[in-house]
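As provided, query_6.cif (mmCIF, C-alpha atoms; chains and numbers go by the auth columns) reads as follows.
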```
data_final
#
loop_
_atom_site.group_PDB
_atom_site.id
_atom_site.type_symbol
_atom_site.label_atom_id
_atom_site.label_comp_id
_atom_site.label_asym_id
_atom_site.label_seq_id
_atom_site.Cartn_x
_atom_site.Cartn_y
_atom_site.Cartn_z
_atom_site.B_iso_or_equiv
_atom_site.auth_seq_id
_atom_site.auth_asym_id
ATOM 1 C CA MET A 1 0.000 0.000 0.000 0.00 7 A
ATOM 2 C CA SER A 2 1.217 3.516 -0.780 0.00 8 A
ATOM 3 C CA VAL A 3 0.762 6.378 1.656 0.00 9 A
ATOM 4 C CA ALA A 4 1.196 10.088 0.975 0.00 10 A
ATOM 5 C CA PHE A 5 1.083 12.994 3.431 0.00 11 A
ATOM 6 C CA VAL A 6 -0.162 16.321 2.109 0.00 12 A
ATOM 7 C CA PHE A 7 0.348 19.382 4.299 0.00 13 A
ATOM 8 C CA PRO A 8 -1.489 22.713 4.232 0.00 14 A
ATOM 9 C CA GLY A 9 0.141 26.071 3.663 0.00 15 A
ATOM 10 C CA GLN A 10 -0.725 29.628 4.655 0.00 16 A
ATOM 11 C CA GLY A 11 -4.359 30.372 3.945 0.00 17 A
ATOM 12 C CA ALA A 12 -5.501 27.010 5.328 0.00 18 A
ATOM 13 C CA GLN A 13 -5.491 28.161 8.960 0.00 19 A
ATOM 14 C CA LYS A 14 -8.727 28.251 10.935 0.00 20 A
ATOM 15 C CA VAL A 15 -9.675 28.372 14.581 0.00 21 A
ATOM 16 C CA GLY A 16 -9.915 24.836 15.939 0.00 22 A
ATOM 17 C CA MET A 17 -7.157 23.406 13.756 0.00 23 A
ATOM 18 C CA GLY A 18 -5.148 20.698 15.464 0.00 24 A
ATOM 19 C CA LYS A 19 -7.437 20.493 18.503 0.00 25 A
ATOM 20 C CA ALA A 20 -8.851 17.032 17.716 0.00 26 A
ATOM 21 C CA LEU A 21 -5.339 15.699 17.033 0.00 27 A
ATOM 22 C CA ALA A 22 -3.993 17.156 20.275 0.00 28 A
ATOM 23 C CA GLU A 23 -6.872 15.630 22.201 0.00 29 A
ATOM 24 C CA ALA A 24 -6.415 12.215 20.571 0.00 30 A
ATOM 25 C CA PHE A 25 -2.619 11.885 20.377 0.00 31 A
ATOM 26 C CA PRO A 26 -0.076 12.716 23.108 0.00 32 A
ATOM 27 C CA GLU A 27 2.557 13.199 20.387 0.00 33 A
ATOM 28 C CA ALA A 28 0.476 15.939 18.765 0.00 34 A
ATOM 29 C CA ARG A 29 -0.086 17.582 22.165 0.00 35 A
ATOM 30 C CA GLY A 30 3.677 17.518 22.628 0.00 36 A
ATOM 31 C CA ILE A 31 4.289 19.372 19.358 0.00 37 A
ATOM 32 C CA PHE A 32 1.936 22.157 20.424 0.00 38 A
ATOM 33 C CA ALA A 33 3.502 22.268 23.916 0.00 39 A
ATOM 34 C CA GLU A 34 6.971 22.617 22.358 0.00 40 A
ATOM 35 C CA ALA A 35 5.713 25.443 20.146 0.00 41 A
ATOM 36 C CA ASP A 36 4.106 27.179 23.146 0.00 42 A
ATOM 37 C CA ASP A 37 7.394 26.993 25.064 0.00 43 A
ATOM 38 C CA ALA A 38 9.553 28.107 22.132 0.00 44 A
ATOM 39 C CA LEU A 39 7.325 31.065 21.237 0.00 45 A
ATOM 40 C CA GLY A 40 6.657 32.223 24.782 0.00 46 A
ATOM 41 C CA PHE A 41 2.884 32.329 24.300 0.00 47 A
ATOM 42 C CA SER A 42 0.110 29.777 23.931 0.00 48 A
ATOM 43 C CA LEU A 43 0.056 29.030 20.223 0.00 49 A
ATOM 44 C CA SER A 44 -2.098 26.025 21.040 0.00 50 A
ATOM 45 C CA ARG A 45 -4.789 28.239 22.598 0.00 51 A
ATOM 46 C CA LEU A 46 -4.661 30.542 19.567 0.00 52 A
ATOM 47 C CA CYS A 47 -5.062 27.560 17.207 0.00 53 A
ATOM 48 C CA PHE A 48 -7.764 25.861 19.249 0.00 54 A
ATOM 49 C CA GLU A 49 -9.786 28.889 20.440 0.00 55 A
ATOM 50 C CA GLY A 50 -8.751 31.943 18.414 0.00 56 A
ATOM 51 C CA PRO A 51 -9.478 34.766 18.019 0.00 57 A
ATOM 52 C CA GLU A 52 -9.571 34.355 14.245 0.00 58 A
ATOM 53 C CA ALA A 53 -8.154 37.848 13.618 0.00 59 A
ATOM 54 C CA ASP A 54 -5.009 37.039 15.625 0.00 60 A
ATOM 55 C CA LEU A 55 -4.613 33.662 13.936 0.00 61 A
ATOM 56 C CA GLN A 56 -4.704 35.393 10.527 0.00 62 A
ATOM 57 C CA LEU A 57 -1.633 37.504 11.323 0.00 63 A
ATOM 58 C CA THR A 58 1.359 36.106 9.404 0.00 64 A
ATOM 59 C CA ALA A 59 3.521 36.207 12.534 0.00 65 A
ATOM 60 C CA ASN A 60 1.062 33.764 14.122 0.00 66 A
ATOM 61 C CA THR A 61 -0.051 31.887 11.018 0.00 67 A
ATOM 62 C CA GLN A 62 3.386 30.577 10.071 0.00 68 A
ATOM 63 C CA PRO A 63 4.153 28.846 13.407 0.00 69 A
ATOM 64 C CA ALA A 64 0.513 27.710 13.665 0.00 70 A
ATOM 65 C CA ILE A 65 0.656 25.995 10.270 0.00 71 A
ATOM 66 C CA LEU A 66 4.019 24.452 11.135 0.00 72 A
ATOM 67 C CA GLY A 67 2.662 23.127 14.446 0.00 73 A
ATOM 68 C CA ARG A 68 -0.487 21.834 12.819 0.00 74 A
ATOM 69 C CA ARG A 69 1.536 20.239 10.027 0.00 75 A
ATOM 70 C CA GLY A 70 3.964 18.586 12.440 0.00 76 A
ATOM 71 C CA SER A 71 1.420 17.194 14.859 0.00 77 A
ATOM 72 C CA PRO A 72 -0.150 14.535 12.582 0.00 78 A
ATOM 73 C CA ALA A 73 3.242 13.591 11.165 0.00 79 A
ATOM 74 C CA THR A 74 4.542 13.046 14.696 0.00 80 A
ATOM 75 C CA ALA A 75 1.415 11.144 15.727 0.00 81 A
ATOM 76 C CA LEU A 76 1.774 8.917 12.658 0.00 82 A
ATOM 77 C CA ALA A 77 5.552 8.523 12.907 0.00 83 A
ATOM 78 C CA SER A 78 5.342 4.772 12.411 0.00 84 A
ATOM 79 C CA THR A 79 3.717 5.306 8.997 0.00 85 A
ATOM 80 C CA ARG A 80 6.225 5.993 6.263 0.00 86 A
ATOM 81 C CA PRO A 81 4.832 7.938 3.298 0.00 87 A
ATOM 82 C CA SER A 82 5.637 6.776 -0.207 0.00 88 A
ATOM 83 C CA TRP A 83 5.582 10.379 -1.456 0.00 89 A
ATOM 84 C CA PRO A 84 6.573 12.954 1.191 0.00 90 A
ATOM 85 C CA PRO A 85 5.826 16.418 -0.277 0.00 91 A
ATOM 86 C CA GLY A 86 7.449 19.659 0.785 0.00 92 A
ATOM 87 C CA PRO A 87 5.536 22.398 2.597 0.00 93 A
ATOM 88 C CA SER A 88 4.469 24.240 -0.589 0.00 94 A
ATOM 89 C CA ILE A 89 3.140 22.048 -3.359 0.00 95 A
#
```

Written as structure tokens, that's how I'd like the structure from this file.
Amino acid sequence: MSVAFVFPGQGAQKVGMGKALAEAFPEARGIFAEADDALGFSLSRLCFEGPEADLQLTANTQPAILGRRGSPATALASTRPSWPPGPSI
């Protein structure tokens, strides 16, 4: 069986993104916790609860998309994609 991961880019952000993954997978929660620590603010709260206007700011969107993109990949680390795309297809 072939598996491919496709990751979103800027413009795909929305309030609530990553919340279900973080609730379901400790690995995904860990990615958001690392981002929170590295950035010095709760990126996870911004992703999960908003406000939308703050999430739309590029300074917040870029780390949010990276965190959201990394959380499923980390949670599915045992699955090896056949075609791993870059961040901007």

First collect every listed atom of range 44-50 of chain A; then fit an axis-aligned box around them, widen it by 3 Å on each side, and give centre and edge lengths in Å to one decimal, as lines of an AutoDock Vina configuration file.
```
center_x = 3.7
center_y = 29.2
center_z = 22.5
size_x = 17.7
size_y = 12.3
size_z = 10.6
```

> the PyMOL selection byres ((chain A and resi 45) around 12) on the file shown: which residues, as a PyMOL selection string?
Replying inline: chain A and resi 38-44+46-50+65-66+68-70+73

Find the spatial neighbours of Pro57 in chain A, counting only C-alpha atoms, within a cut-off of 12 Å - ignore same-chain residues fewer than 3 positions away - and output them as a PDB file with C-alpha atoms, in the coordinates of the input.
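Wrote it out as result.pdb, contents follow:
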```pdb
ATOM      1  CA  GLN A  19      -5.491  28.161   8.960  1.00  0.00           C
ATOM      2  CA  LYS A  20      -8.727  28.251  10.935  1.00  0.00           C
ATOM      3  CA  VAL A  21      -9.675  28.372  14.581  1.00  0.00           C
ATOM      4  CA  GLY A  22      -9.915  24.836  15.939  1.00  0.00           C
ATOM      5  CA  LEU A  49       0.056  29.030  20.223  1.00  0.00           C
ATOM      6  CA  SER A  50      -2.098  26.025  21.040  1.00  0.00           C
ATOM      7  CA  ARG A  51      -4.789  28.239  22.598  1.00  0.00           C
ATOM      8  CA  LEU A  52      -4.661  30.542  19.567  1.00  0.00           C
ATOM      9  CA  CYS A  53      -5.062  27.560  17.207  1.00  0.00           C
ATOM     10  CA  PHE A  54      -7.764  25.861  19.249  1.00  0.00           C
ATOM     11  CA  ASP A  60      -5.009  37.039  15.625  1.00  0.00           C
ATOM     12  CA  LEU A  61      -4.613  33.662  13.936  1.00  0.00           C
ATOM     13  CA  GLN A  62      -4.704  35.393  10.527  1.00  0.00           C
ATOM     14  CA  LEU A  63      -1.633  37.504  11.323  1.00  0.00           C
ATOM     15  CA  ASN A  66       1.062  33.764  14.122  1.00  0.00           C
TER      16      ASN A  66
END
```

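Nearest residue to Gly24 in chain A among A:Met7, A:Ile37, A:Thr64, A:Val12 is A:Ile37, counting only C-alpha atoms.
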
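Reported to one decimal place, the separation of CA of Glu58 in chain A from CA of Phe31 in chain A is 24.3 Å.
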
> Which distance in Å separates CA of Glu55 in chain A and CA of Thr67 in chain A, to one decimal?
Replying inline: 13.9 Å

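The nearest approach to Gly56 in chain A among the residues A:Ala28, A:Met23, A:Ile71, A:Ala18, with only C-alpha atoms taken into account, belongs to A:Met23.
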